[in-house]
$ cat work-v8.txt   # compact mmCIF, C-alpha atoms
# COMPACT_ATOMS: atom_id res chain seq x y z
CA VAL A 1 -96.38 -94.46 36.26
CA CYS A 2 -99.01 -96.84 34.91
CA ARG A 3 -96.50 -98.68 32.75
CA VAL A 4 -94.54 -99.94 35.77
CA ILE A 5 -97.55 -101.00 37.85
CA ARG A 6 -99.00 -104.49 37.65
CA ARG A 7 -102.44 -104.67 36.07
CA SER A 8 -104.05 -105.91 39.28
CA ASP A 9 -102.50 -103.09 41.32
CA LEU A 10 -103.50 -100.54 38.71
CA ALA A 11 -107.09 -101.79 38.83
CA ALA A 12 -107.15 -101.39 42.61
CA LEU A 13 -105.62 -97.91 42.31
CA ALA A 14 -108.25 -96.83 39.81
CA SER A 15 -111.02 -98.29 41.97
CA GLU A 16 -109.95 -96.77 45.28
CA TRP A 17 -108.17 -93.57 44.21
CA GLY A 18 -109.71 -92.83 40.82
CA SER A 19 -109.87 -89.05 41.33
CA PHE A 20 -106.22 -88.90 42.39
CA LEU A 21 -105.17 -91.01 39.41
CA ALA A 22 -107.14 -88.77 37.03
CA THR A 23 -105.59 -85.64 38.53
CA PHE A 24 -102.10 -87.11 38.27
CA ALA A 25 -102.65 -88.23 34.68
CA THR A 26 -103.73 -84.75 33.53
CA ILE A 27 -100.61 -83.02 34.83
CA ALA A 28 -98.52 -81.64 31.99
CA SER A 29 -95.39 -83.60 31.15
CA SER A 30 -91.98 -82.32 32.16
CA PRO A 31 -88.48 -82.88 30.70
CA ASP A 32 -87.40 -85.09 33.58
CA ASP A 33 -90.33 -87.53 33.35
CA GLU A 34 -88.24 -90.17 31.63
CA ALA A 35 -85.60 -90.08 34.36
CA ILE A 36 -88.22 -90.22 37.11
CA LEU A 37 -90.07 -93.16 35.55
CA ALA A 38 -86.93 -95.15 34.69
CA ILE A 39 -87.55 -97.89 37.25
CA ASP A 40 -85.19 -100.83 37.00
CA LEU A 41 -87.60 -103.76 36.81
CA PRO A 42 -86.39 -107.32 36.30
CA PRO A 43 -86.96 -108.52 32.74
CA GLU A 44 -90.01 -110.65 32.13
CA ILE A 45 -89.51 -114.24 31.02
CA GLY A 46 -90.86 -114.49 27.51
CA ASP A 47 -91.41 -118.24 27.47
CA PRO A 48 -91.23 -119.50 31.08
CA TRP A 49 -90.70 -123.19 31.76
CA ARG A 50 -93.73 -124.80 33.36
CA ALA A 51 -93.66 -128.01 35.34
CA PRO A 52 -96.12 -130.55 33.94
CA MET A 53 -99.41 -130.90 35.75
CA PRO A 54 -99.87 -134.28 37.46
CA VAL A 55 -102.22 -136.45 35.42
CA GLY A 56 -103.64 -139.54 37.10
CA ALA A 57 -101.72 -138.71 40.26
CA ILE A 58 -102.48 -140.36 43.58
CA ARG A 59 -104.48 -137.79 45.49
CA PRO A 60 -105.77 -137.94 49.08
CA ALA A 61 -109.39 -138.99 49.49
CA VAL A 62 -111.38 -135.78 49.83
CA TRP A 63 -114.95 -134.59 49.61
CA SER A 64 -115.39 -131.40 47.59
CA ALA A 65 -118.21 -128.89 47.22
CA VAL A 66 -118.82 -125.94 44.94
CA TRP A 67 -120.13 -122.86 46.72
CA THR A 68 -122.12 -120.47 44.52
CA PHE A 69 -122.44 -117.19 46.36
CA THR A 70 -125.81 -115.49 46.20
CA SER A 71 -124.42 -112.36 47.84
CA PRO A 72 -120.96 -110.77 48.05
CA VAL A 73 -118.57 -112.42 50.51
CA HIS A 74 -115.85 -110.94 52.71
CA HIS A 75 -112.98 -112.68 54.52
CA GLY A 76 -110.76 -110.17 56.28
CA ALA A 77 -107.05 -109.75 55.63
CA ASP A 78 -104.49 -108.94 58.30
CA ASP A 79 -104.07 -105.35 57.09
CA LYS A 80 -106.30 -102.45 56.05
CA ASP A 81 -106.01 -99.52 53.67
CA GLY A 82 -107.46 -96.59 55.58
CA ASN A 83 -111.08 -97.48 56.24
CA VAL A 84 -111.12 -100.21 53.59
CA SER A 85 -111.10 -103.78 54.92
CA ARG A 86 -109.19 -105.87 52.40
CA PHE A 87 -110.00 -109.43 51.34
CA ARG A 88 -107.58 -112.14 52.45
CA THR A 89 -105.22 -113.29 49.68
CA GLU A 90 -102.22 -115.53 49.26
CA ARG A 91 -99.45 -115.59 46.69
CA ARG A 92 -99.30 -118.89 44.81
CA TYR A 93 -97.57 -120.17 41.72
CA SER A 94 -99.73 -121.00 38.68
CA SER A 95 -98.23 -123.75 36.55
CA LEU A 96 -100.47 -122.67 33.65
CA LEU A 97 -99.42 -119.01 33.73
CA GLY A 98 -95.80 -119.69 34.67
CA ARG A 99 -95.72 -117.01 37.35
CA ALA A 100 -96.80 -116.23 40.90
CA VAL A 101 -100.21 -114.63 41.35
CA ASP A 102 -102.20 -113.11 44.21
CA VAL A 103 -105.38 -115.14 44.76
CA PRO A 104 -108.24 -114.60 47.24
CA LEU A 105 -108.98 -117.47 49.59
CA TYR A 106 -111.27 -118.52 52.41
CA SER A 107 -109.01 -120.19 54.95
CA GLY A 108 -109.56 -123.74 56.11
CA ASN A 109 -108.91 -122.59 59.67
CA ALA A 110 -111.86 -120.17 59.48
CA TRP A 111 -114.06 -122.95 58.12
CA ARG A 112 -113.05 -125.28 60.97
CA GLY A 113 -113.80 -122.53 63.49
CA GLN A 114 -117.29 -122.05 62.07
CA VAL A 115 -117.99 -125.78 62.08
CA ARG A 116 -116.68 -126.07 65.65
CA ASP A 117 -119.18 -123.44 66.80
CA LEU A 118 -122.02 -125.17 64.94
CA VAL A 119 -121.40 -128.65 66.36
CA ALA A 120 -120.78 -127.34 69.89
CA LEU A 121 -124.02 -125.34 69.99
CA ASP A 122 -125.90 -128.26 68.44
CA LEU A 123 -124.52 -130.59 71.14
CA PHE A 124 -125.75 -128.33 73.95
CA GLU A 125 -129.17 -128.14 72.32
CA ARG A 126 -129.44 -131.92 71.94
CA ILE A 127 -128.56 -132.66 75.58
CA GLY A 128 -130.79 -129.86 76.94
CA LEU A 129 -128.03 -127.80 78.53
CA ARG A 130 -127.21 -124.14 78.06
CA PRO A 131 -123.57 -123.29 77.33
CA SER A 132 -123.58 -120.95 80.34
CA GLU A 133 -124.57 -123.87 82.59
CA ALA A 134 -121.50 -125.89 81.67
CA ALA A 135 -118.18 -125.58 83.45
CA PRO A 136 -116.29 -122.74 81.71
CA VAL A 137 -113.30 -124.95 80.91
CA TRP A 138 -115.55 -127.40 79.04
CA ALA A 139 -117.52 -124.68 77.24
CA HIS A 140 -114.35 -122.95 76.03
CA ALA A 141 -112.82 -126.25 74.94
CA LEU A 142 -115.86 -127.14 72.83
CA PHE A 143 -116.34 -123.71 71.24
CA SER A 144 -112.76 -122.51 70.80
CA GLY A 145 -110.51 -125.51 71.37
CA GLY A 146 -109.47 -124.61 74.91
CA SER A 147 -105.97 -123.88 76.18
CA ILE A 148 -103.36 -125.78 78.13
CA GLU A 149 -102.08 -124.62 81.50
CA SER A 150 -98.41 -123.90 81.86
CA GLY A 151 -96.42 -126.91 83.01
CA SER A 152 -99.28 -129.41 82.76
CA ALA A 153 -97.74 -131.26 79.81
CA SER A 154 -94.88 -132.42 82.06
CA ASN A 155 -97.30 -134.49 84.15
CA GLY A 156 -97.70 -137.12 81.44
CA SER A 157 -100.73 -138.21 79.44
CA ASN A 158 -103.92 -139.91 80.61
CA ALA A 159 -104.50 -142.28 77.71
CA ALA A 160 -107.54 -143.92 79.31
CA MET A 161 -109.30 -140.58 79.74
CA ARG A 162 -108.53 -139.60 76.15
CA ARG A 163 -110.07 -142.79 74.80
CA ALA A 164 -113.14 -142.50 77.02
CA LEU A 165 -113.74 -138.87 76.02
CA ARG A 166 -113.47 -139.63 72.30
CA ASP A 167 -115.94 -142.49 72.71
CA LEU A 168 -118.39 -140.33 74.65
CA LEU A 169 -118.08 -137.21 72.45
CA PRO A 170 -117.27 -138.07 68.82
CA ILE A 171 -117.00 -134.36 67.98
CA VAL A 172 -113.91 -134.23 70.22
CA ASP A 173 -112.33 -136.92 68.05
CA LEU A 174 -113.44 -134.97 64.98
CA MET A 175 -112.38 -131.43 65.94
CA GLY A 176 -109.72 -131.94 68.61
CA GLY A 177 -108.91 -129.46 71.37
CA VAL A 178 -107.55 -129.33 74.91
CA TYR A 179 -109.63 -131.20 77.49
CA GLY A 180 -108.46 -131.65 81.06
CA ASN A 181 -105.06 -130.23 80.06
CA GLU A 182 -104.80 -133.03 77.49
CA PRO A 183 -104.04 -131.75 73.95
CA MET A 184 -106.06 -133.97 71.61
CA ASP A 185 -105.70 -133.82 67.85
CA GLY A 186 -108.75 -133.91 65.57
CA VAL A 187 -109.11 -135.98 62.42
CA LEU A 188 -110.93 -133.34 60.34
CA ARG A 189 -108.93 -131.55 57.66
CA GLY A 190 -110.42 -128.38 56.20
CA PHE A 191 -108.58 -127.04 53.15
CA ASP A 192 -108.57 -123.45 51.91
CA ALA A 193 -111.45 -122.61 49.57
CA LEU A 194 -110.41 -121.05 46.24
CA PRO A 195 -112.47 -119.11 43.69
CA VAL A 196 -112.91 -120.52 40.20
CA CYS A 197 -110.74 -118.28 37.99
CA ARG A 198 -107.82 -118.49 35.56
CA GLU A 199 -105.22 -118.17 38.31
CA THR A 200 -106.55 -121.25 40.17
CA ALA A 201 -107.45 -123.42 37.17
CA ASP A 202 -104.46 -125.73 37.60
CA ALA A 203 -105.38 -126.41 41.25
CA LEU A 204 -109.12 -126.90 40.70
CA ALA A 205 -109.35 -128.72 37.38
CA HIS A 206 -109.33 -132.23 38.90
CA HIS A 207 -112.19 -131.18 41.23
CA LEU A 208 -114.39 -129.48 38.63
CA VAL A 209 -113.60 -131.10 35.28
CA PRO A 210 -111.79 -134.39 35.96
CA GLU A 211 -112.40 -135.57 32.41
CA ILE A 212 -110.55 -132.52 31.06
CA ALA A 213 -107.78 -132.81 33.66
CA ALA A 214 -107.20 -136.41 32.59
CA ARG A 215 -106.40 -135.21 29.04
CA GLY A 216 -103.40 -133.20 30.15
CA VAL A 217 -102.13 -129.68 30.54
CA ASP A 218 -103.12 -128.41 27.09
CA ALA A 219 -106.75 -129.34 27.68
CA VAL A 220 -106.72 -127.67 31.11
CA ARG A 221 -105.14 -124.53 29.65
CA ALA A 222 -107.83 -124.33 26.97
CA TRP A 223 -110.49 -124.74 29.65
CA SER A 224 -108.90 -122.07 31.86
CA GLU A 225 -109.20 -119.49 29.08
CA ARG A 226 -112.97 -119.61 29.54
CA LEU A 227 -112.61 -118.49 33.18
CA PRO A 228 -112.43 -114.89 34.51
CA TRP A 229 -109.28 -113.30 35.91
CA CYS A 230 -109.40 -113.06 39.71
CA GLU A 231 -108.93 -109.29 39.64
CA ASP A 232 -112.35 -109.08 37.95
CA LEU A 233 -114.01 -110.80 40.91
CA TYR A 234 -113.52 -107.92 43.36
CA GLU A 235 -115.74 -104.99 44.24
CA THR A 236 -115.90 -102.54 47.14
CA ARG A 237 -119.06 -102.05 49.17
CA GLN A 238 -119.64 -98.88 51.17
CA LEU A 239 -121.85 -99.11 54.23
CA VAL A 240 -123.12 -96.08 56.16
CA ARG A 241 -124.61 -96.37 59.61
CA HIS A 242 -127.62 -94.10 60.04
CA ALA A 243 -126.98 -91.03 62.20
CA HIS A 244 -130.44 -90.95 63.91
CA ARG A 245 -130.55 -87.15 63.88
CA ASP A 246 -133.84 -87.01 65.83
CA LEU A 247 -131.96 -88.17 68.93
CA GLU A 248 -129.94 -85.86 71.14
CA GLY A 249 -126.16 -86.15 71.24
CA GLU A 250 -123.60 -87.47 68.80
CA GLY A 251 -125.14 -89.84 66.27
CA GLY A 252 -122.03 -91.93 65.67
CA GLN A 253 -122.43 -92.10 61.91
CA MET A 254 -119.58 -94.04 60.32
CA ILE A 255 -118.62 -95.01 56.79
CA VAL A 256 -117.29 -98.53 56.38
CA ARG A 257 -115.81 -99.75 53.11
CA THR A 258 -115.30 -103.48 52.57
CA GLN A 259 -113.59 -105.29 49.72
CA VAL A 260 -115.70 -108.28 48.72
CA ILE A 261 -115.87 -110.98 46.07
CA ARG A 262 -118.89 -110.45 43.86
CA ALA A 263 -122.13 -112.42 44.10
CA GLY A 264 -122.32 -115.27 41.61
CA VAL A 265 -118.66 -116.25 41.90
CA GLN A 266 -118.12 -119.96 42.50
CA TRP A 267 -115.62 -121.39 44.97
CA VAL A 268 -114.30 -124.92 45.52
CA HIS A 269 -113.80 -126.27 49.04
CA SER A 270 -112.53 -129.69 50.12
CA ILE A 271 -112.43 -131.65 53.38
CA ALA A 272 -110.87 -134.94 54.45
CA LEU A 273 -110.40 -137.25 57.43
CA ALA A 274 -106.93 -138.34 58.51
CA THR A 275 -105.77 -140.22 61.59
CA ARG A 276 -102.25 -140.89 62.81
CA ASP A 277 -102.22 -143.19 65.83
CA ARG A 278 -105.73 -144.67 65.95
CA LEU A 279 -108.35 -146.23 63.72
CA LEU A 280 -111.19 -144.03 62.50
CA SER A 281 -114.32 -144.56 64.57
CA PRO A 282 -117.63 -145.08 62.71
CA LEU A 283 -119.22 -142.60 65.12
CA THR A 284 -116.61 -139.99 64.16
CA SER A 285 -117.43 -140.52 60.49
CA SER A 286 -121.11 -140.10 61.34
CA ALA A 287 -120.26 -136.92 63.30
CA LEU A 288 -118.60 -135.52 60.16
CA ALA A 289 -121.76 -136.11 58.14
CA HIS A 290 -123.76 -134.35 60.86
CA ALA A 291 -121.31 -131.43 61.06
CA VAL A 292 -121.32 -130.86 57.30
CA ASP A 293 -125.12 -130.99 57.29
CA LEU A 294 -125.16 -128.21 59.91
CA PHE A 295 -122.73 -126.16 57.82
CA VAL A 296 -124.63 -126.55 54.54
CA ARG A 297 -127.91 -125.60 56.24
CA SER A 298 -126.26 -122.53 57.80
CA GLY A 299 -125.85 -121.18 54.26
CA ALA A 300 -123.25 -118.48 54.98
CA VAL A 301 -119.51 -118.05 55.48
CA GLY A 302 -117.14 -115.17 56.11
CA ALA A 303 -117.66 -111.86 57.89
CA GLY A 304 -120.66 -109.55 57.78
CA ASN A 305 -123.36 -112.23 57.69
CA ALA A 306 -125.67 -109.91 59.66
CA ARG A 307 -125.28 -107.34 56.86
CA GLY A 308 -126.23 -109.85 54.19
CA LEU A 309 -122.74 -110.94 53.15
CA GLY A 310 -121.54 -114.48 52.57
CA SER A 311 -124.77 -116.27 51.58
CA PHE A 312 -124.18 -119.28 49.35
CA ALA A 313 -125.90 -122.29 47.81
CA THR A 314 -124.36 -125.71 47.27
CA ASP A 315 -125.27 -129.25 46.32
CA GLY A 316 -123.13 -130.47 49.21
CA TYR A 317 -119.96 -132.52 49.56
CA GLY A 318 -121.21 -135.80 48.18
CA ASP A 319 -121.82 -138.99 50.14
CA LEU A 320 -120.38 -138.48 53.61
CA GLY A 321 -122.30 -141.31 55.23
CA ASP A 322 -125.22 -141.37 57.63
CA PRO A 323 -125.40 -138.74 60.41
CA GLN A 324 -128.11 -140.67 62.29
CA PRO A 325 -125.79 -142.95 64.37
CA TYR A 326 -124.11 -139.87 65.86
CA ARG A 327 -127.47 -138.27 66.71
CA GLU A 328 -128.73 -141.47 68.35
CA HIS A 329 -125.48 -141.80 70.35
CA ILE A 330 -125.85 -138.29 71.78
CA ALA A 331 -129.51 -138.92 72.66
CA ALA A 332 -128.63 -142.19 74.44
CA HIS A 333 -125.83 -140.59 76.51
CA ALA A 334 -127.38 -137.15 77.07
CA GLU A 335 -127.51 -137.42 80.88
CA GLU A 336 -123.90 -138.58 81.17
CA ILE A 337 -122.71 -135.81 78.82
CA ARG A 338 -124.62 -133.19 80.83
CA GLU A 339 -122.92 -134.27 84.04
CA VAL A 340 -119.48 -134.27 82.41
CA LEU A 341 -119.93 -130.81 80.94
CA ARG A 342 -121.21 -129.45 84.27
CA GLY A 343 -118.07 -130.80 85.92
CA VAL A 344 -119.84 -133.18 88.35
CA ARG A 345 -118.69 -136.37 86.65
CA ALA A 346 -115.23 -137.47 85.54
CA VAL A 347 -114.48 -139.02 82.20
CA GLY A 348 -112.63 -142.32 82.46
CA PRO A 349 -110.21 -143.24 85.24
CA SER A 350 -108.19 -140.53 86.91
CA LYS A 351 -104.49 -140.38 86.23
CA ALA A 352 -102.64 -142.04 89.09
CA ALA A 353 -100.37 -139.74 91.00
CA THR A 354 -96.75 -140.77 90.82
CA THR A 355 -94.42 -140.47 93.81
CA PRO A 356 -90.83 -139.75 92.88
CA GLU A 357 -88.44 -142.46 94.02
CA ALA A 358 -85.94 -141.54 96.71
CA LYS A 359 -82.40 -141.23 95.48
CA PRO A 360 -80.06 -143.98 96.80
CA THR A 361 -77.57 -142.84 99.41
CA LYS A 362 -73.92 -143.02 98.58
CA SER A 363 -72.07 -145.74 100.52
CA ALA A 364 -68.54 -144.59 99.77
CA LYS A 365 -66.58 -143.69 102.86
CA ARG A 366 -65.08 -140.28 103.07
CA ALA A 367 -61.34 -140.03 103.66
CA ALA A 368 -60.36 -138.83 107.13
CA ALA A 369 -59.58 -135.14 107.24
CA LYS A 370 -55.93 -134.25 107.60
CA ALA A 371 -54.85 -132.51 110.80
CA ILE A 372 -53.89 -128.88 110.37
CA PRO A 373 -50.32 -128.17 111.67
CA THR A 374 -50.20 -125.72 114.54
CA ALA A 375 -46.48 -124.73 114.26
CA THR A 376 -43.90 -124.45 111.53
CA ASP A 377 -41.82 -127.25 113.13
CA ASP A 378 -44.65 -129.66 112.39
CA ILE A 379 -44.57 -128.96 108.62
CA ASP A 380 -42.52 -131.30 106.43
CA PHE A 381 -40.84 -129.19 103.73
CA GLY A 382 -38.86 -132.15 102.42
CA SER A 383 -35.25 -133.06 103.02
CA ALA A 384 -32.45 -130.96 101.49
CA THR A 385 -30.05 -132.67 99.13
$ encode --input "work-v8.txt" --output "structure tokens"
Amino acid sequence: VCRVIRRSDLAALASEWGSFLATFATIASSPDDEAILAIDLPPEIGDPWRAPMPVGAIRPAVWSAVWTFTSPVHHGADDKDGNVSRFRTERRYSSLLGRAVDVPLYSGNAWRGQVRDLVALDLFERIGLRPSEAAPVWAHALFSGGSIESGSASNGSNAAMRRALRDLLPIVDLMGGVYGNEPMDGVLRGFDALPVCRETADALAHHLVPEIAARGVDAVRAWSERLPWCEDLYETRQLVRHAHRDLEGEGGQMIVRTQVIRAGVQWVHSIALATRDRLLSPLTSSALAHAVDLFVRSGAVGAGNARGLGSFATDGYGDLGDPQPYREHIAAHAEEIREVLRGVRAVGPSKAATTPEAKPTKSAKRAAAKAIPTATDDIDFGSAT
């Protein structure tokens, strides 16, 4: 069986079901083994064609950071194997290896969600207002992005309110959300974080070793051979909740197994700012610097932070600008922001109600109705010829 299983799958099988694999391997062979194991696999490509890596390509302006994890990290997948919580992965094509590979990732959406929580809580702290004291619709919009009511989009857009809110709260311009039933896009892009390994070398070389990437694919391939395979980055942690046997009743002891990426593994994460229909505000750029500072000082990502998972160290994302203008703006407008979040003050002018125009009446005259004959003698059947 082992000869028709991919190496990565075989490693997981040996890790999770080692005793079963050992029992199966020690079973005596039988005459029909060859027929049973004759699985029709597609032939492997001996010398696959590889598209050349872009050298000196025009790339979007990004800020990148290297996370070095000081503890194992977990980022949950959509499925589980029994009581084992799997790590989130994606299948991507490696131009260096010439094949598709399964690679762990930390999603950019999860990173944005964490940053949204950090900047929202920080805002409430700076203006001296508890989240529970704000109007629920505002609190949910700041922490989770909010939601739009059914049918509200058909009422048109309040452009003046949107501009006023972005000016008052730069984090709204940064993160986006739904405010007053107005869907507002954010300018912050958070890309998926990838571990540094052989399978991701082609995607990360220009971030980590730009001088090697500039020399071409052969130099990047030689560099990638110094990196570990991603399958060697995994381990499984088993956690047992104490049963508290001195207490009466059921203790609720439970075994939890979690697939993690080992401590010491390095990841690369990138962020960017991108606008579509407006110029980038200096206060929004300052809000980004403040948001990233909050994230770096939080020092953890992923699930299980309370159990010691996800701690990391980083030198940061480079020069993101000065966060002080954003902080001074919030301090100067704290009272106004408090009133808006409590729902006692409107932001910008209200959207004028529109009255539908009355439909014009038709002026065409109707033809007079024909009289209905009352006897057969009154009906003209036409003359006979």
$ atom_distance --input "work-v8.txt" --atom1 "CA of Gly177 in chain A" --atom2 "CA of Glu133 in chain A"
20.1 Å
$ atom_distance --input "work-v8.txt" --atom1 "CA of Asp78 in chain A" --atom2 "CA of Asp117 in chain A"
22.3 Å
$ closest_residue --input "work-v8.txt" --among "A:Val217, A:Ala135, A:Ala346, A:Ala65" --to "Phe312 in chain A" --atoms "all atoms listed in the file"
A:Ala65
$ residues_around --input "work-v8.txt" --residues "Ala139 in chain A" --least-positions-apart "3" --cutoff "10 Å" --atoms "all atoms listed in the file" --output "NGL selection string"
:A and (120-121 or 124 or 130-136 or 142-146 or 341-342)
$ residues_near_point --input "work-v8.txt" --point "(-100.8, -115.2, 51.5)" --cutoff "10 Å" --atoms "only C-alpha atoms" --output "ChimeraX atom specification"
/A:77-78,88-92,102-105
